[in-house]
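Colleague: Sharing upload-v3.json (JSON, C-alpha atoms) below.
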```json
[["chain", "number", "residue", "atom", "x", "y", "z"],
["Z", 3, "MET", "CA", 80.99, 112.36, 101.95],
["Z", 4, "THR", "CA", 77.43, 111.11, 102.19],
["Z", 5, "ASP", "CA", 76.13, 108.85, 104.97],
["Z", 6, "ARG", "CA", 75.85, 106.01, 102.47],
["Z", 7, "CYS", "CA", 79.52, 106.34, 101.43],
["Z", 8, "GLN", "CA", 80.63, 106.48, 105.05],
["Z", 9, "ALA", "CA", 78.60, 103.38, 105.88],
["Z", 10, "LEU", "CA", 80.22, 101.51, 103.00],
["Z", 11, "ARG", "CA", 83.71, 102.38, 104.26],
["Z", 12, "ARG", "CA", 82.98, 101.73, 107.94],
["Z", 13, "ILE", "CA", 85.12, 99.15, 109.75],
["Z", 14, "ARG", "CA", 83.17, 96.44, 111.58],
["Z", 15, "LEU", "CA", 84.72, 95.00, 114.73],
["Z", 16, "VAL", "CA", 84.32, 91.46, 116.02],
["Z", 17, "ARG", "CA", 85.37, 90.90, 119.61],
["Z", 18, "ALA", "CA", 87.39, 87.82, 120.58],
["Z", 19, "ARG", "CA", 85.60, 86.93, 123.82],
["Z", 20, "SER", "CA", 86.92, 83.54, 124.91],
["Z", 21, "VAL", "CA", 90.47, 82.77, 125.99],
["Z", 22, "TRP", "CA", 90.80, 80.41, 123.01],
["Z", 23, "ALA", "CA", 89.60, 83.09, 120.57],
["Z", 24, "ARG", "CA", 92.09, 85.59, 122.00],
["Z", 25, "LEU", "CA", 94.96, 83.09, 121.79],
["Z", 26, "ARG", "CA", 94.09, 82.03, 118.27],
["Z", 27, "GLY", "CA", 93.42, 85.44, 116.77],
["Z", 28, "LEU", "CA", 93.55, 85.14, 113.00],
["Z", 29, "LEU", "CA", 95.79, 82.03, 113.04],
["Z", 30, "GLY", "CA", 94.52, 79.00, 111.22],
["Z", 31, "ARG", "CA", 92.34, 80.96, 108.82],
["Z", 32, "GLU", "CA", 92.86, 80.18, 105.16],
["Z", 33, "ARG", "CA", 91.92, 83.73, 104.25],
["Z", 34, "PRO", "CA", 91.86, 87.01, 106.15],
["Z", 35, "LEU", "CA", 88.65, 88.54, 107.48],
["Z", 36, "GLY", "CA", 86.50, 90.65, 105.17],
["Z", 37, "ARG", "CA", 87.86, 93.87, 103.71],
["Z", 38, "ARG", "CA", 86.39, 96.06, 106.43],
["Z", 39, "THR", "CA", 86.28, 93.68, 109.40],
["Z", 40, "GLY", "CA", 88.69, 93.64, 112.32],
["Z", 41, "LEU", "CA", 89.21, 91.21, 115.20],
["Z", 42, "TRP", "CA", 89.44, 93.06, 118.52],
["Z", 43, "ILE", "CA", 91.55, 91.21, 121.10],
["Z", 44, "SER", "CA", 91.51, 92.45, 124.70],
["Z", 45, "PRO", "CA", 93.60, 92.36, 126.84],
["Z", 46, "CYS", "CA", 96.58, 92.21, 124.48],
["Z", 47, "TRP", "CA", 99.77, 94.16, 123.79],
["Z", 48, "ALA", "CA", 101.64, 91.88, 121.35],
["Z", 49, "VAL", "CA", 100.83, 89.77, 118.29],
["Z", 50, "HIS", "CA", 102.74, 87.38, 116.05],
["Z", 51, "THR", "CA", 102.11, 86.05, 112.58],
["Z", 52, "PHE", "CA", 103.92, 82.71, 112.85],
["Z", 53, "GLY", "CA", 101.98, 80.14, 110.86],
["Z", 54, "MET", "CA", 99.96, 82.75, 108.96],
["Z", 55, "ARG", "CA", 99.80, 82.82, 105.17],
["Z", 56, "TYR", "CA", 99.04, 86.48, 104.60],
["Z", 57, "PRO", "CA", 100.06, 89.90, 105.97],
["Z", 58, "ILE", "CA", 97.83, 91.79, 108.41],
["Z", 59, "ASP", "CA", 97.50, 95.29, 109.78],
["Z", 60, "VAL", "CA", 97.66, 95.65, 113.55],
["Z", 61, "ALA", "CA", 96.28, 98.58, 115.55],
["Z", 62, "PHE", "CA", 97.38, 98.88, 119.17],
["Z", 63, "ILE", "CA", 94.73, 100.52, 121.35],
["Z", 64, "GLY", "CA", 95.54, 102.50, 124.51],
["Z", 65, "ARG", "CA", 93.61, 102.96, 127.75],
["Z", 66, "ASP", "CA", 91.79, 105.93, 126.23],
["Z", 67, "GLY", "CA", 90.27, 103.64, 123.57],
["Z", 68, "LYS", "CA", 92.16, 105.25, 120.69],
["Z", 69, "VAL", "CA", 94.71, 103.91, 118.24],
["Z", 70, "GLN", "CA", 98.18, 104.48, 119.71],
["Z", 71, "ARG", "CA", 100.27, 102.61, 117.14],
["Z", 72, "LEU", "CA", 99.48, 101.23, 113.70],
["Z", 73, "VAL", "CA", 101.61, 98.49, 112.11],
["Z", 74, "ARG", "CA", 100.87, 98.08, 108.41],
["Z", 75, "ASP", "CA", 101.50, 94.92, 106.35],
["Z", 76, "LEU", "CA", 102.92, 92.77, 109.14],
["Z", 77, "GLY", "CA", 104.10, 89.80, 107.12],
["Z", 78, "PRO", "CA", 104.07, 86.11, 108.08],
["Z", 79, "GLY", "CA", 106.65, 85.10, 110.69],
["Z", 80, "ARG", "CA", 106.84, 88.54, 112.35],
["Z", 81, "VAL", "CA", 106.16, 89.98, 115.81],
["Z", 82, "ALA", "CA", 104.73, 93.38, 116.75],
["Z", 83, "LEU", "CA", 104.30, 94.75, 120.25],
["Z", 84, "TYR", "CA", 103.48, 97.95, 122.04],
["Z", 85, "LEU", "CA", 103.83, 97.75, 125.82],
["Z", 86, "ARG", "CA", 101.40, 100.61, 126.52],
["Z", 87, "ALA", "CA", 98.55, 98.95, 124.62],
["Z", 88, "THR", "CA", 95.55, 97.46, 126.40],
["Z", 89, "SER", "CA", 94.08, 95.79, 123.32],
["Z", 90, "VAL", "CA", 94.79, 95.05, 119.67],
["Z", 91, "ILE", "CA", 92.77, 95.02, 116.46],
["Z", 92, "GLU", "CA", 93.91, 92.62, 113.74],
["Z", 93, "LEU", "CA", 92.76, 93.48, 110.21],
["Z", 94, "ARG", "CA", 93.28, 92.40, 106.64],
["Z", 95, "ALA", "CA", 96.22, 94.33, 105.17],
["Z", 96, "ASN", "CA", 94.93, 97.57, 103.66],
["Z", 97, "SER", "CA", 97.19, 99.36, 101.23],
["Z", 98, "THR", "CA", 94.62, 101.81, 99.88],
["Z", 99, "ASP", "CA", 93.99, 104.11, 102.86],
["Z", 100, "SER", "CA", 96.57, 106.54, 104.18],
["Z", 101, "SER", "CA", 97.72, 105.89, 107.75],
["Z", 102, "LEU", "CA", 95.88, 108.96, 109.04],
["Z", 103, "ARG", "CA", 92.59, 108.01, 107.33],
["Z", 104, "TYR", "CA", 92.98, 104.42, 108.55],
["Z", 105, "ARG", "CA", 93.49, 105.60, 112.15],
["Z", 106, "ARG", "CA", 90.41, 107.82, 111.95],
["Z", 107, "ARG", "CA", 88.27, 104.97, 110.62],
["Z", 108, "LEU", "CA", 89.52, 102.65, 113.38],
["Z", 109, "ASN", "CA", 88.85, 105.23, 116.09],
["Z", 110, "ILE", "CA", 85.31, 105.74, 114.76],
["Z", 111, "ALA", "CA", 84.74, 101.96, 114.68],
["Z", 112, "LEU", "CA", 85.97, 101.62, 118.27],
["Z", 113, "ARG", "CA", 83.79, 104.47, 119.48],
["Z", 114, "MET", "CA", 80.71, 103.06, 117.73],
["Z", 115, "PHE", "CA", 81.39, 99.54, 119.04],
["Z", 116, "LEU", "CA", 81.83, 100.74, 122.62],
["Z", 117, "ASP", "CA", 78.77, 103.02, 122.41],
["Z", 118, "SER", "CA", 76.54, 100.24, 121.08],
["Z", 119, "HIS", "CA", 77.69, 97.73, 123.67],
["Z", 120, "THR", "CA", 77.52, 100.03, 126.68],
["Z", 121, "SER", "CA", 73.97, 101.04, 125.77],
["Z", 122, "LEU", "CA", 72.92, 97.36, 125.96],
["Z", 123, "LYS", "CA", 73.85, 97.06, 129.64]]
```
Can the structure in the file be given as structure tokens, please?

Modeller:
Amino acid sequence: MTDRCQALRRIRLVRARSVWARLRGLLGRERPLGRRTGLWISPCWAVHTFGMRYPIDVAFIGRDGKVQRLVRDLGPGRVALYLRATSVIELRANSTDSSLRYRRRLNIALRMFLDSHTSLK
């Protein structure tokens, strides 16, 4: 796959920095985030979709900064948790990628996000 194709399929992460942003997550949004954009919530080990109008994918991230558990198509009115997680990424439901490919793309996005933000310090 060429660099251009990989760049088009790359997942962009947006960090929920404030307490309010972490509590709110994707609630209250009429539509989900963009196709390849995820909301990274830290610290977090559980999410719910009460009051949401659309399903989401949830990736639970461990201390090592890698995806430990992936919950696909979490519908409205549901709860997902993983007690060993240190953070969570909420994404628009993605039915096209296989779970393994999805995990790889998320791990690459996390690594790139962490690398770019640690180099700014």

Colleague: With only C-alpha atoms counted, which protein, DNA or RNA residues have an atom no more than 12 Å from (94.3, 87.0, 112.9) in the file frame? Please answer as a ChimeraX atom specification.

Modeller: /Z:16-18,23-36,39-43,49-60,76-78,90-95

Colleague: Write out, as a PDB file, in the frame of the given file, the residues just selected, with C-alpha atoms.

Modeller:
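New file again34.pdb:
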```
ATOM      1  CA  VAL Z  16      84.320  91.460 116.020  1.00  0.00           C
ATOM      2  CA  ARG Z  17      85.370  90.900 119.610  1.00  0.00           C
ATOM      3  CA  ALA Z  18      87.390  87.820 120.580  1.00  0.00           C
ATOM      4  CA  ALA Z  23      89.600  83.090 120.570  1.00  0.00           C
ATOM      5  CA  ARG Z  24      92.090  85.590 122.000  1.00  0.00           C
ATOM      6  CA  LEU Z  25      94.960  83.090 121.790  1.00  0.00           C
ATOM      7  CA  ARG Z  26      94.090  82.030 118.270  1.00  0.00           C
ATOM      8  CA  GLY Z  27      93.420  85.440 116.770  1.00  0.00           C
ATOM      9  CA  LEU Z  28      93.550  85.140 113.000  1.00  0.00           C
ATOM     10  CA  LEU Z  29      95.790  82.030 113.040  1.00  0.00           C
ATOM     11  CA  GLY Z  30      94.520  79.000 111.220  1.00  0.00           C
ATOM     12  CA  ARG Z  31      92.340  80.960 108.820  1.00  0.00           C
ATOM     13  CA  GLU Z  32      92.860  80.180 105.160  1.00  0.00           C
ATOM     14  CA  ARG Z  33      91.920  83.730 104.250  1.00  0.00           C
ATOM     15  CA  PRO Z  34      91.860  87.010 106.150  1.00  0.00           C
ATOM     16  CA  LEU Z  35      88.650  88.540 107.480  1.00  0.00           C
ATOM     17  CA  GLY Z  36      86.500  90.650 105.170  1.00  0.00           C
ATOM     18  CA  THR Z  39      86.280  93.680 109.400  1.00  0.00           C
ATOM     19  CA  GLY Z  40      88.690  93.640 112.320  1.00  0.00           C
ATOM     20  CA  LEU Z  41      89.210  91.210 115.200  1.00  0.00           C
ATOM     21  CA  TRP Z  42      89.440  93.060 118.520  1.00  0.00           C
ATOM     22  CA  ILE Z  43      91.550  91.210 121.100  1.00  0.00           C
ATOM     23  CA  VAL Z  49     100.830  89.770 118.290  1.00  0.00           C
ATOM     24  CA  HIS Z  50     102.740  87.380 116.050  1.00  0.00           C
ATOM     25  CA  THR Z  51     102.110  86.050 112.580  1.00  0.00           C
ATOM     26  CA  PHE Z  52     103.920  82.710 112.850  1.00  0.00           C
ATOM     27  CA  GLY Z  53     101.980  80.140 110.860  1.00  0.00           C
ATOM     28  CA  MET Z  54      99.960  82.750 108.960  1.00  0.00           C
ATOM     29  CA  ARG Z  55      99.800  82.820 105.170  1.00  0.00           C
ATOM     30  CA  TYR Z  56      99.040  86.480 104.600  1.00  0.00           C
ATOM     31  CA  PRO Z  57     100.060  89.900 105.970  1.00  0.00           C
ATOM     32  CA  ILE Z  58      97.830  91.790 108.410  1.00  0.00           C
ATOM     33  CA  ASP Z  59      97.500  95.290 109.780  1.00  0.00           C
ATOM     34  CA  VAL Z  60      97.660  95.650 113.550  1.00  0.00           C
ATOM     35  CA  LEU Z  76     102.920  92.770 109.140  1.00  0.00           C
ATOM     36  CA  GLY Z  77     104.100  89.800 107.120  1.00  0.00           C
ATOM     37  CA  PRO Z  78     104.070  86.110 108.080  1.00  0.00           C
ATOM     38  CA  VAL Z  90      94.790  95.050 119.670  1.00  0.00           C
ATOM     39  CA  ILE Z  91      92.770  95.020 116.460  1.00  0.00           C
ATOM     40  CA  GLU Z  92      93.910  92.620 113.740  1.00  0.00           C
ATOM     41  CA  LEU Z  93      92.760  93.480 110.210  1.00  0.00           C
ATOM     42  CA  ARG Z  94      93.280  92.400 106.640  1.00  0.00           C
ATOM     43  CA  ALA Z  95      96.220  94.330 105.170  1.00  0.00           C
TER      44      ALA Z  95
END
```

Colleague: Between Z:Arg105, Z:Gly67, Z:Leu85, Z:Ser20, single out the one closest to Asp117 (chain Z), counting all atoms listed in the file.

Modeller: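 Once distances to Asp117 (chain Z) are computed over all atoms listed in the file, the minimum belongs to Z:Gly67.
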
Colleague: Could you work out how far CA of Leu108 (chain Z) lies from CA of Arg19 (chain Z), giving the answer in Å with one decimal?

Modeller: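 The value is 19.3 Å.
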
Colleague: State, in Å with one decimal place, the distance from CA of Trp47 (chain Z) to CA of Ala87 (chain Z).

Modeller: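 So the answer is 5.0 Å.
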
Colleague: Just the number, please: distance in Å from CA of Arg37 (chain Z) to CA of Arg86 (chain Z), one decimal.

Modeller: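 Distance reported for this atom pair: 27.4 Å.
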
Colleague: If we draw a sphere of 8 Å around (91.0, 91.9, 128.2), which residues have at least one atom in it when counting only C-alpha atoms? Please report them as a CSV table (one decimal) with C-alpha atoms, in the frame of the given file.

Modeller:
```csv
chain,number,residue,atom,x,y,z
Z,43,ILE,CA,91.6,91.2,121.1
Z,44,SER,CA,91.5,92.4,124.7
Z,45,PRO,CA,93.6,92.4,126.8
Z,46,CYS,CA,96.6,92.2,124.5
Z,88,THR,CA,95.6,97.5,126.4
Z,89,SER,CA,94.1,95.8,123.3
```

Colleague: Which of these, Z:Ala82, Z:Ala48, Z:Leu112, Z:Leu102, has the shortest distance to Asp66 (chain Z) once you count all atoms listed in the file?

Modeller: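 Of all the options, Z:Leu112 lies closest to Asp66 (chain Z).
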
Colleague: Could you pull region 88-99 of chain Z out of the block above and give me N, CA and C atoms, as a PDB file, in the first residue's frame?

Modeller:
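See result-v6.pdb below for the written result:
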```pdb
ATOM      1  N   THR Z  88      -6.950   1.809  30.729  1.00  0.00           N
ATOM      2  CA  THR Z  88      -6.580   3.113  31.292  1.00  0.00           C
ATOM      3  C   THR Z  88      -7.207   4.251  30.498  1.00  0.00           C
ATOM      4  N   SER Z  89      -7.613   3.963  29.264  1.00  0.00           N
ATOM      5  CA  SER Z  89      -8.288   4.965  28.446  1.00  0.00           C
ATOM      6  C   SER Z  89      -9.154   4.271  27.404  1.00  0.00           C
ATOM      7  N   VAL Z  90      -9.969   5.086  26.728  1.00  0.00           N
ATOM      8  CA  VAL Z  90     -10.934   4.573  25.759  1.00  0.00           C
ATOM      9  C   VAL Z  90     -10.911   5.460  24.523  1.00  0.00           C
ATOM     10  N   ILE Z  91     -11.121   4.866  23.370  1.00  0.00           N
ATOM     11  CA  ILE Z  91     -11.314   5.635  22.142  1.00  0.00           C
ATOM     12  C   ILE Z  91     -12.716   5.313  21.626  1.00  0.00           C
ATOM     13  N   GLU Z  92     -13.520   6.368  21.449  1.00  0.00           N
ATOM     14  CA  GLU Z  92     -14.859   6.216  20.889  1.00  0.00           C
ATOM     15  C   GLU Z  92     -14.798   6.624  19.419  1.00  0.00           C
ATOM     16  N   LEU Z  93     -15.344   5.778  18.552  1.00  0.00           N
ATOM     17  CA  LEU Z  93     -15.310   6.017  17.107  1.00  0.00           C
ATOM     18  C   LEU Z  93     -16.663   5.738  16.483  1.00  0.00           C
ATOM     19  N   ARG Z  94     -16.857   6.313  15.315  1.00  0.00           N
ATOM     20  CA  ARG Z  94     -18.031   5.998  14.507  1.00  0.00           C
ATOM     21  C   ARG Z  94     -17.986   4.506  14.191  1.00  0.00           C
ATOM     22  N   ALA Z  95     -19.131   3.848  14.213  1.00  0.00           N
ATOM     23  CA  ALA Z  95     -19.179   2.415  13.923  1.00  0.00           C
ATOM     24  C   ALA Z  95     -18.614   2.149  12.534  1.00  0.00           C
ATOM     25  N   ASN Z  96     -17.712   1.178  12.447  1.00  0.00           N
ATOM     26  CA  ASN Z  96     -17.014   0.859  11.208  1.00  0.00           C
ATOM     27  C   ASN Z  96     -17.255  -0.610  10.892  1.00  0.00           C
ATOM     28  N   SER Z  97     -18.036  -0.873   9.887  1.00  0.00           N
ATOM     29  CA  SER Z  97     -18.323  -2.265   9.549  1.00  0.00           C
ATOM     30  C   SER Z  97     -17.480  -2.783   8.387  1.00  0.00           C
ATOM     31  N   THR Z  98     -16.616  -1.932   7.832  1.00  0.00           N
ATOM     32  CA  THR Z  98     -15.858  -2.348   6.657  1.00  0.00           C
ATOM     33  C   THR Z  98     -14.543  -3.032   6.996  1.00  0.00           C
ATOM     34  N   ASP Z  99     -13.859  -2.583   8.029  1.00  0.00           N
ATOM     35  CA  ASP Z  99     -12.563  -3.183   8.375  1.00  0.00           C
ATOM     36  C   ASP Z  99     -12.746  -4.435   9.225  1.00  0.00           C
TER      37      ASP Z  99
END
```
